[in-house]
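Have a look at start_3.cif below; it lists mmCIF, C-alpha atoms and all ligand atoms.
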data_data
loop_
_atom_site.label_atom_id
_atom_site.label_comp_id
_atom_site.auth_asym_id
_atom_site.auth_seq_id
_atom_site.Cartn_x
_atom_site.Cartn_y
_atom_site.Cartn_z
CA MET A 28 78.26 82.88 113.98
CA ARG A 29 81.74 84.12 114.91
CA CYS A 30 82.26 87.87 114.91
CA ALA A 31 85.50 89.77 114.28
CA ALA A 32 86.11 93.51 114.55
CA VAL A 33 88.25 95.96 112.61
CA LEU A 34 89.26 98.78 114.95
CA THR A 35 90.44 101.78 112.92
CA ALA A 36 93.27 103.64 114.65
CA ALA A 37 95.49 104.74 111.77
CA GLY A 38 94.43 108.40 111.60
CA SER A 39 96.79 111.20 112.55
CA GLY A 40 94.30 113.26 114.54
CA THR A 41 95.05 116.57 112.83
CA ARG A 42 92.03 118.29 114.38
CA LEU A 43 92.94 117.08 117.87
CA GLY A 44 96.39 118.61 117.41
CA HIS A 45 98.23 116.26 119.83
CA ALA A 46 101.85 115.20 119.34
CA LEU A 47 100.73 111.53 119.21
CA PRO A 48 98.41 109.96 116.63
CA LYS A 49 94.89 110.37 118.05
CA ALA A 50 94.32 106.70 118.91
CA LEU A 51 97.40 106.74 121.16
CA VAL A 52 96.33 109.81 123.09
CA PRO A 53 95.45 108.93 126.71
CA LEU A 54 91.96 109.53 128.08
CA ALA A 55 92.19 109.40 131.90
CA GLY A 56 95.49 107.51 131.48
CA THR A 57 94.38 104.90 128.93
CA PRO A 58 94.98 105.34 125.17
CA LEU A 59 91.81 105.67 123.09
CA VAL A 60 92.60 102.53 121.08
CA VAL A 61 92.88 100.41 124.25
CA ARG A 62 89.62 101.80 125.62
CA ALA A 63 87.85 101.06 122.32
CA ALA A 64 89.24 97.51 122.26
CA HIS A 65 88.00 97.02 125.83
CA GLY A 66 84.48 98.09 124.83
CA LEU A 67 84.48 95.50 122.05
CA ALA A 68 85.93 92.70 124.21
CA ALA A 69 83.65 93.44 127.19
CA SER A 70 80.60 92.81 125.00
CA GLY A 71 81.34 89.10 125.08
CA VAL A 72 80.26 88.79 121.43
CA VAL A 73 83.53 89.69 119.66
CA ASP A 74 85.96 86.82 118.96
CA GLY A 75 88.95 88.84 117.75
CA VAL A 76 90.06 92.37 116.89
CA VAL A 77 92.26 93.67 114.05
CA VAL A 78 93.67 97.10 114.92
CA THR A 79 94.89 99.34 112.10
CA CYS A 80 97.54 101.88 113.05
CA PRO A 81 100.05 104.27 111.45
CA GLY A 82 102.97 102.26 110.02
CA ASP A 83 105.54 104.15 112.07
CA HIS A 84 103.74 103.26 115.33
CA LEU A 85 103.29 99.50 114.78
CA ASP A 86 105.62 98.44 117.60
CA GLN A 87 104.17 101.00 120.00
CA VAL A 88 100.59 99.86 119.33
CA ARG A 89 101.55 96.16 119.54
CA GLY A 90 103.03 96.96 122.95
CA LEU A 91 99.59 98.11 124.14
CA PHE A 92 98.24 94.58 123.56
CA PRO A 93 100.67 92.28 125.43
CA GLY A 94 100.56 88.67 124.25
CA GLY A 95 98.39 89.78 121.32
CA ARG A 96 95.28 90.06 123.54
CA VAL A 97 92.98 92.84 124.67
CA PRO A 98 94.45 93.52 128.15
CA GLY A 99 92.70 91.55 130.89
CA THR A 100 90.85 89.33 128.38
CA GLU A 101 91.51 86.34 126.12
CA VAL A 102 90.31 88.21 123.00
CA PRO A 103 93.07 88.01 120.35
CA VAL A 104 94.39 91.16 118.68
CA GLU A 105 96.37 91.60 115.47
CA VAL A 106 97.89 95.01 114.71
CA VAL A 107 98.39 95.94 111.03
CA THR A 108 99.42 99.06 109.15
CA GLY A 109 96.44 101.16 108.03
CA GLY A 110 96.11 103.15 104.83
CA PRO A 111 96.03 106.82 103.80
CA THR A 112 92.23 107.00 104.26
CA ARG A 113 89.85 105.41 106.77
CA GLN A 114 88.41 103.34 103.94
CA ALA A 115 91.85 102.00 103.02
CA SER A 116 92.52 101.23 106.69
CA VAL A 117 89.31 99.21 106.95
CA ALA A 118 90.30 97.29 103.80
CA ALA A 119 93.70 96.50 105.36
CA GLY A 120 91.96 95.29 108.52
CA LEU A 121 89.54 93.09 106.58
CA ALA A 122 92.48 91.31 104.95
CA ALA A 123 93.73 90.21 108.40
CA LEU A 124 90.43 89.01 109.92
CA ASP A 125 91.32 85.31 109.74
CA ASP A 126 94.40 85.95 111.90
CA VAL A 127 92.17 86.72 114.89
CA ALA A 128 88.87 84.93 114.22
CA PRO A 129 89.22 82.31 111.47
CA GLY A 130 85.98 81.79 109.56
CA ALA A 131 84.17 84.74 111.20
CA GLY A 132 80.95 85.42 109.29
CA LEU A 133 80.13 88.74 110.98
CA VAL A 134 82.31 91.87 111.03
CA LEU A 135 82.15 95.03 113.10
CA VAL A 136 83.98 98.17 112.00
CA HIS A 137 84.69 100.50 114.91
CA ASP A 138 86.58 103.80 115.32
CA ALA A 139 89.19 104.08 118.07
CA ALA A 140 87.99 107.69 118.13
CA ARG A 141 84.63 106.42 119.52
CA CYS A 142 86.43 104.80 122.44
CA LEU A 143 83.59 105.11 124.99
CA ALA A 144 81.04 103.13 122.96
CA GLY A 145 79.78 100.62 125.53
CA PRO A 146 79.44 96.84 125.44
CA GLY A 147 75.64 97.17 125.31
CA LEU A 148 75.86 99.07 122.04
CA VAL A 149 78.20 96.43 120.59
CA ARG A 150 75.76 93.69 121.62
CA ARG A 151 72.83 95.60 120.08
CA VAL A 152 74.56 95.75 116.69
CA VAL A 153 75.56 92.07 116.75
CA ALA A 154 72.07 91.01 117.91
CA ALA A 155 70.55 92.77 114.87
CA LEU A 156 72.96 90.85 112.60
CA GLU A 157 72.06 87.59 114.32
CA ASP A 158 68.38 88.44 113.78
CA GLY A 159 69.01 88.51 110.02
CA SER A 160 70.12 92.06 109.12
CA ARG A 161 73.11 92.14 106.78
CA ALA A 162 74.16 95.69 107.58
CA VAL A 163 73.53 97.61 110.83
CA VAL A 164 74.44 101.10 112.05
CA PRO A 165 73.82 102.76 115.43
CA GLY A 166 72.06 106.10 114.98
CA VAL A 167 70.96 108.98 117.19
CA PRO A 168 68.38 111.68 116.41
CA VAL A 169 69.81 114.98 115.13
CA ALA A 170 69.38 117.99 117.44
CA ASP A 171 70.24 120.73 114.95
CA THR A 172 68.26 121.69 111.87
CA VAL A 173 70.38 120.48 108.94
CA LYS A 174 70.58 122.28 105.56
CA ARG A 175 71.94 121.01 102.27
CA VAL A 176 73.99 123.82 100.72
CA LEU A 177 75.48 124.75 97.35
CA ALA A 178 78.90 126.38 97.08
CA LEU A 179 78.94 129.65 95.10
CA PRO A 180 81.81 130.72 92.82
CA ASP A 181 82.54 133.64 95.20
CA GLY A 182 83.19 131.23 98.08
CA GLY A 183 79.80 131.75 99.72
CA GLU A 184 77.07 129.16 100.17
CA VAL A 185 73.31 129.09 99.68
CA VAL A 186 70.74 126.70 101.13
CA VAL A 187 69.29 124.24 98.64
CA GLU A 188 67.11 122.15 100.91
CA THR A 189 66.05 121.55 104.53
CA PRO A 190 65.58 117.79 105.03
CA ASP A 191 62.92 116.67 107.52
CA ARG A 192 64.90 116.43 110.76
CA ALA A 193 62.67 113.67 112.11
CA ALA A 194 64.00 111.42 109.36
CA LEU A 195 67.69 112.15 110.03
CA ARG A 196 70.10 110.12 112.18
CA ALA A 197 73.72 110.84 113.09
CA VAL A 198 75.38 107.46 112.72
CA GLN A 199 78.11 106.04 114.90
CA THR A 200 80.26 102.96 115.16
CA PRO A 201 80.52 100.02 115.61
CA GLN A 202 78.80 99.34 112.30
CA GLY A 203 78.07 95.65 111.68
CA PHE A 204 77.91 93.58 108.50
CA THR A 205 77.89 90.07 107.24
CA ARG A 206 81.45 89.52 106.15
CA ASP A 207 80.65 88.61 102.55
CA LEU A 208 78.66 91.83 102.07
CA LEU A 209 81.30 94.11 103.59
CA GLU A 210 84.09 92.47 101.58
CA ARG A 211 82.01 92.86 98.40
CA ALA A 212 81.37 96.54 99.21
CA HIS A 213 85.10 97.22 99.68
CA ARG A 214 86.00 95.33 96.48
CA ALA A 215 83.45 97.44 94.57
CA ALA A 216 84.89 100.62 96.13
CA ALA A 217 88.42 99.62 95.11
CA ASP A 218 87.19 99.17 91.53
CA ARG A 219 85.73 102.70 91.39
CA ALA A 220 87.54 105.92 90.58
CA GLY A 221 89.55 107.64 93.35
CA ASP A 222 87.19 110.54 94.01
CA GLU A 223 84.18 108.34 94.55
CA ARG A 224 86.10 106.11 96.98
CA THR A 225 86.97 108.90 99.34
CA ALA A 226 83.57 110.63 99.11
CA VAL A 227 81.96 107.81 101.14
CA SER A 228 82.76 108.39 104.80
CA ASP A 229 81.48 105.19 106.41
CA ASP A 230 81.25 101.49 105.61
CA ALA A 231 77.47 101.49 105.51
CA GLY A 232 77.74 104.08 102.72
CA LEU A 233 79.68 101.57 100.62
CA VAL A 234 77.02 98.93 101.25
CA GLU A 235 74.26 101.41 100.30
CA LEU A 236 75.98 101.87 96.93
CA LEU A 237 75.39 98.15 96.30
CA GLY A 238 71.66 98.76 96.81
CA GLU A 239 71.62 96.83 100.10
CA GLN A 240 69.38 97.80 103.02
CA VAL A 241 71.11 99.14 106.15
CA HIS A 242 69.23 98.79 109.44
CA VAL A 243 69.48 101.34 112.26
CA VAL A 244 69.65 100.47 115.97
CA PRO A 245 69.67 103.07 118.76
CA GLY A 246 73.08 104.67 119.27
CA GLU A 247 74.27 106.33 122.47
CA ASP A 248 75.83 109.63 123.60
CA ALA A 249 78.92 107.82 124.90
CA ALA A 250 79.79 106.75 121.35
CA LEU A 251 80.76 110.32 120.46
CA LYS A 252 83.65 110.69 118.00
CA ILE A 253 86.59 112.37 119.68
CA THR A 254 87.71 114.83 117.00
CA THR A 255 88.73 118.08 118.73
CA PRO A 256 90.20 118.95 122.16
CA ALA A 257 86.67 119.92 123.26
CA ASP A 258 85.51 116.37 122.47
CA LEU A 259 88.33 114.96 124.61
CA ASP A 260 87.16 117.19 127.50
CA ARG A 261 83.58 115.99 127.00
CA ALA A 262 84.72 112.35 127.05
CA GLU A 263 86.60 113.02 130.31
CA ARG A 264 83.44 114.48 131.83
CA LEU A 265 81.41 111.45 130.69
CA LEU A 266 83.96 109.16 132.37
CA ASP A 267 83.81 111.20 135.59
CA ARG A 268 80.04 110.76 135.66
CA SER A 269 80.15 106.99 135.06
N1 LIG A 301 93.84 106.88 107.30
C1 LIG A 301 93.02 106.71 108.34
C2 LIG A 301 92.22 107.77 108.82
C3 LIG A 301 91.40 107.53 109.93
N2 LIG A 301 91.40 106.33 110.53
C4 LIG A 301 90.61 106.10 111.72
O1 LIG A 301 89.25 106.37 111.46
C5 LIG A 301 88.60 106.85 112.64
C6 LIG A 301 87.79 108.11 112.32
O2 LIG A 301 88.66 109.08 111.77
P1 LIG A 301 88.86 110.55 112.38
O3 LIG A 301 88.17 110.66 113.69
O4 LIG A 301 88.52 111.52 111.31
O5 LIG A 301 90.43 110.51 112.70
P2 LIG A 301 91.63 111.27 112.02
O6 LIG A 301 91.64 111.03 110.54
O7 LIG A 301 92.81 110.81 112.77
O8 LIG A 301 91.30 112.79 112.35
P3 LIG A 301 91.72 114.11 111.57
O9 LIG A 301 90.84 114.16 110.36
O10 LIG A 301 91.46 115.22 112.53
O11 LIG A 301 93.20 113.98 111.20
C7 LIG A 301 89.70 107.10 113.68
O12 LIG A 301 89.62 106.10 114.68
C8 LIG A 301 90.97 107.05 112.88
O13 LIG A 301 92.10 106.55 113.59
C9 LIG A 301 92.19 105.29 110.04
O14 LIG A 301 92.18 104.19 110.59
N3 LIG A 301 92.98 105.50 108.93
C1 LIG A 302 82.41 106.09 110.46
C2 LIG A 302 81.96 107.38 111.10
O1 LIG A 302 82.47 107.47 112.42
C3 LIG A 302 80.43 107.33 111.21
O2 LIG A 302 79.95 108.53 111.74
C4 LIG A 302 82.38 108.59 110.33
O3 LIG A 302 81.79 108.57 109.05
C5 LIG A 302 83.90 108.71 110.20
O4 LIG A 302 84.19 109.90 109.49
P1 LIG A 302 85.65 110.56 109.50
O5 LIG A 302 85.55 111.73 108.59
O6 LIG A 302 86.60 109.48 109.01
O7 LIG A 302 85.93 110.96 110.91
#
Could you write out this file's structure as C-alpha cells?
Amino acid sequence: MRCAAVLTAAGSGTRLGHALPKALVPLAGTPLVVRAAHGLAASGVVDGVVVTCPGDHLDQVRGLFPGGRVPGTEVPVEVVTGGPTRQASVAAGLAALDDVAPGAGLVLVHDAARCLAGPGLVRRVVAALEDGSRAVVPGVPVADTVKRVLALPDGGEVVVETPDRAALRAVQTPQGFTRDLLERAHRAAADRAGDERTAVSDDAGLVELLGEQVHVVPGEDAALKITTPADLDRAERLLDRS
C-alpha cells in the first residue's frame, strides 16, 4: 500500500528562541525540516511528503525542496500553510496528501523537530502498519519517576498518583495510521469543542478517543524532539558521534 507523510514544520519555536521558525533553523548547516524529510525519504517506504510551514515562509520552505522533491531523491514534496496548532497543521497536511501520493492508504505524521529520526525507525512504523496495525507509535521507556499532580488554588501542586513506570512510554514520531482512521480521527476532533481539540497533543491521542487500539514499536534516542537550545546542542553531539 502506498504511504504518504505529513511533516509538521509550522511551529514558531518559541522555546528555542531563534530568529527563524524552528524548522528552518540549521543543524550542522542543514535546516531541521530538510533533515527530517531526508529521514523519511531514505527509508524507501515513503512515496510523498506534505510539509506544513508558517504562511509567511512558504516561498522560503519551497526553495528548500527544488523541483518539489526531497533533495537528492525522487520523493515528491508539497509545501502548504500550517495552522495555529500542531493539530490544525496536520489537518492541513492531510488535505494535500493526494498531491504527493495519490491514493495512499497509509499516512505517517512526523515532526520536523524530530529531524534525526532514522530511516530504520520509519521502516519499523510502516512495517507494523503493513502487518495489520491501524495505528502505530514509536515509544521509549521513561527514565524519570512520573507523578500526576493537582494544581492548588494558591498556585502550588500536590501529587495525586505515581503511575507504574514500567508501563509508561515516551512517544515519538513518525506516528503511522491507516489513512481512513487518521482522517476520521481529525474529523471527529474538528467536530469537538475548542478546548478538547487542543488538549490532545499527538495524533495517536485523537485515534485513542475513537476507542481504537494504538500499537507501540521501539523508538530511538535519535528521535528526540528539539525544543530548547540544549536539545539543539544534544542533536549536534549525536551527529558528531554518527
Ligand atoms: N502550529 C503548529 C505548531 C507546531 N507545529 C509543528 O509540530 C512539531 C512539534 O511542535 P513543537 O516542537 O512544540 O514546536 P513549536 O510549536 O514550534 O515550539 P514552541 O512550543 O516552543 O513554540 C514541530 O515540528 C512544529 O513545527 C506545526 O506544524 N504547527
Ligand atoms: C507528537 C509529539 O511529538 C509526540 O511526542 C508531541 O506530542 C508533540 O507535542 P508538542 O507540544 O506539539 O511539541
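Based on only C-alpha atoms and all ligand atoms, the protein and nucleic acid residues found within 7 Å of ligand LIG 301 (chain A) are, by chain and then by number, Thr35, Ala36, Ala37, Gly38, Ser39, Gly40, Thr41, Arg42, Leu43, Pro48, Lys49, Ala50, Thr79, Cys80, Gly109, Gly110, Pro111, Thr112, Arg113, Ala115, Ser116, Val117, Asp138, Ala139, Ala140, Arg141, Lys252, Ile253 and Thr254 of chain A.
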Keeping only C-alpha atoms, write those residues as a compact mmCIF listing (two decimals), in the frame of the given file.
# COMPACT_ATOMS: atom_id res chain seq x y z
CA THR A 35 90.44 101.78 112.92
CA ALA A 36 93.27 103.64 114.65
CA ALA A 37 95.49 104.74 111.77
CA GLY A 38 94.43 108.40 111.60
CA SER A 39 96.79 111.20 112.55
CA GLY A 40 94.30 113.26 114.54
CA THR A 41 95.05 116.57 112.83
CA ARG A 42 92.03 118.29 114.38
CA LEU A 43 92.94 117.08 117.87
CA PRO A 48 98.41 109.96 116.63
CA LYS A 49 94.89 110.37 118.05
CA ALA A 50 94.32 106.70 118.91
CA THR A 79 94.89 99.34 112.10
CA CYS A 80 97.54 101.88 113.05
CA GLY A 109 96.44 101.16 108.03
CA GLY A 110 96.11 103.15 104.83
CA PRO A 111 96.03 106.82 103.80
CA THR A 112 92.23 107.00 104.26
CA ARG A 113 89.85 105.41 106.77
CA ALA A 115 91.85 102.00 103.02
CA SER A 116 92.52 101.23 106.69
CA VAL A 117 89.31 99.21 106.95
CA ASP A 138 86.58 103.80 115.32
CA ALA A 139 89.19 104.08 118.07
CA ALA A 140 87.99 107.69 118.13
CA ARG A 141 84.63 106.42 119.52
CA LYS A 252 83.65 110.69 118.00
CA ILE A 253 86.59 112.37 119.68
CA THR A 254 87.71 114.83 117.00
Expected answer as a PDB file with C-alpha atoms, in the coordinates of the input: residues within 6 Å of ligand LIG 302 (chain A), all atoms listed in the file:
ATOM      1  CA  ARG A 113      89.850 105.410 106.770  1.00  0.00           C
ATOM      2  CA  VAL A 198      75.380 107.460 112.720  1.00  0.00           C
ATOM      3  CA  GLN A 199      78.110 106.040 114.900  1.00  0.00           C
ATOM      4  CA  THR A 200      80.260 102.960 115.160  1.00  0.00           C
ATOM      5  CA  SER A 228      82.760 108.390 104.800  1.00  0.00           C
ATOM      6  CA  ASP A 229      81.480 105.190 106.410  1.00  0.00           C
TER       7      ASP A 229
END
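Ranking A:Ala69, A:Val60, A:Cys30, A:Ala249 by their shortest atom-to-atom distance to Arg268 (chain A), with all atoms listed in the file included, puts A:Ala249 first.
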Scan for residues within 12 Å of the point (71.0, 121.5, 108.9) in the coordinates of the file, using only C-alpha atoms, and reply as an mmCIF file with C-alpha atoms, in the frame of the given file.
data_model
loop_
_atom_site.group_PDB
_atom_site.id
_atom_site.type_symbol
_atom_site.label_atom_id
_atom_site.label_comp_id
_atom_site.auth_asym_id
_atom_site.auth_seq_id
_atom_site.Cartn_x
_atom_site.Cartn_y
_atom_site.Cartn_z
ATOM 1 C CA VAL A 169 69.810 114.980 115.130
ATOM 2 C CA ALA A 170 69.380 117.990 117.440
ATOM 3 C CA ASP A 171 70.240 120.730 114.950
ATOM 4 C CA THR A 172 68.260 121.690 111.870
ATOM 5 C CA VAL A 173 70.380 120.480 108.940
ATOM 6 C CA LYS A 174 70.580 122.280 105.560
ATOM 7 C CA ARG A 175 71.940 121.010 102.270
ATOM 8 C CA VAL A 176 73.990 123.820 100.720
ATOM 9 C CA VAL A 186 70.740 126.700 101.130
ATOM 10 C CA VAL A 187 69.290 124.240 98.640
ATOM 11 C CA GLU A 188 67.110 122.150 100.910
ATOM 12 C CA THR A 189 66.050 121.550 104.530
ATOM 13 C CA PRO A 190 65.580 117.790 105.030
ATOM 14 C CA ASP A 191 62.920 116.670 107.520
ATOM 15 C CA ARG A 192 64.900 116.430 110.760
ATOM 16 C CA ALA A 193 62.670 113.670 112.110
ATOM 17 C CA LEU A 195 67.690 112.150 110.030
ATOM 18 C CA ARG A 196 70.100 110.120 112.180
ATOM 19 C CA ALA A 197 73.720 110.840 113.090
#
Original post:
Nearest to Pro201 (chain A): which of A:Glu247, A:Asp267, A:Asp218, A:Asp260 is it, counting all atoms listed in the file?
Top reply: A:Glu247
Original post:
Suppose you want the space between CA of Arg89 (chain A) and CA of Pro129 (chain A); what is it in Å?
Top reply: 20.2 Å
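As for CA of Ala194 (chain A) and CA of Arg206 (chain A), they are spaced 28.2 Å apart.
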**OP:** Dig up all the protein and nucleic acid residues within 10 Å of (76.4, 87.0, 109.7) in the file frame, using all atoms listed in the file, and format them as number ranges by chain.
**Re:** A: 28-30, 131-134, 153, 155-162, 203-208
Quick one: everything within 10 Å of Leu124 (chain A), counting only C-alpha atoms, minus sequence neighbours fewer than 4 positions away in the same chain. Send it as a short mmCIF file (atom, residue, chain, number, x, y, z; two decimals) with C-alpha atoms, in the coordinates of the input.
data_model
loop_
_atom_site.label_atom_id
_atom_site.label_comp_id
_atom_site.auth_asym_id
_atom_site.auth_seq_id
_atom_site.Cartn_x
_atom_site.Cartn_y
_atom_site.Cartn_z
CA CYS A 30 82.26 87.87 114.91
CA ALA A 31 85.50 89.77 114.28
CA ALA A 32 86.11 93.51 114.55
CA VAL A 33 88.25 95.96 112.61
CA GLY A 75 88.95 88.84 117.75
CA VAL A 76 90.06 92.37 116.89
CA VAL A 77 92.26 93.67 114.05
CA VAL A 104 94.39 91.16 118.68
CA GLU A 105 96.37 91.60 115.47
CA ALA A 119 93.70 96.50 105.36
CA GLY A 120 91.96 95.29 108.52
CA ALA A 128 88.87 84.93 114.22
CA PRO A 129 89.22 82.31 111.47
CA GLY A 130 85.98 81.79 109.56
CA ALA A 131 84.17 84.74 111.20
CA VAL A 134 82.31 91.87 111.03
CA ARG A 206 81.45 89.52 106.15
#
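If you measure from each of A:Ala123, A:Val136, A:Ala118, A:Cys142 to Ala64 (chain A) using only C-alpha atoms, the closest one turns out to be A:Cys142.
Note that the spacing between CA of Leu251 (chain A) and CA of His137 (chain A) amounts to 11.9 Å.
Residue nearest Ala231 (chain A), chosen from A:Pro98, A:Pro165, A:Gly246, A:Pro53 and counting all atoms listed in the file: A:Pro165.
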Original post:
Do you know which residues are at most 10 Å from Pro146 (chain A) counting all atoms listed in the file, after dropping those on the same chain fewer than 3 positions away, and could you put them as a list in words?
Top reply: Ala63, His65, Gly66, Leu67, Ala68, Ala69, Ser70, Gly71, Val72, Leu143, Val149, Arg150 and Arg151 of chain A
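Minimum distance to Asp74 (chain A) across A:Ala144, A:Leu54, A:Val127, A:Leu121 (counting all atoms listed in the file) occurs at A:Val127.
Of the listed residues A:Leu148, A:Leu237, A:Asp248, A:Val106, the one whose atoms come nearest to Pro168 (chain A) is A:Asp248, with distances taken using all atoms listed in the file.
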Contacts of Leu233 (chain A) at 8 Å or less, counting all atoms listed in the file, minus same-chain residues fewer than 3 places along, as a tab-separated table (two decimals) with C-alpha atoms, in the coordinates of the input?
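Result file around-v1.tsv:
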chain	number	residue	atom	x	y	z
A	212	ALA	CA	81.37	96.54	99.21
A	213	HIS	CA	85.10	97.22	99.68
A	216	ALA	CA	84.89	100.62	96.13
A	227	VAL	CA	81.96	107.81	101.14
A	229	ASP	CA	81.48	105.19	106.41
A	230	ASP	CA	81.25	101.49	105.61
A	236	LEU	CA	75.98	101.87	96.93
A	237	LEU	CA	75.39	98.15	96.30
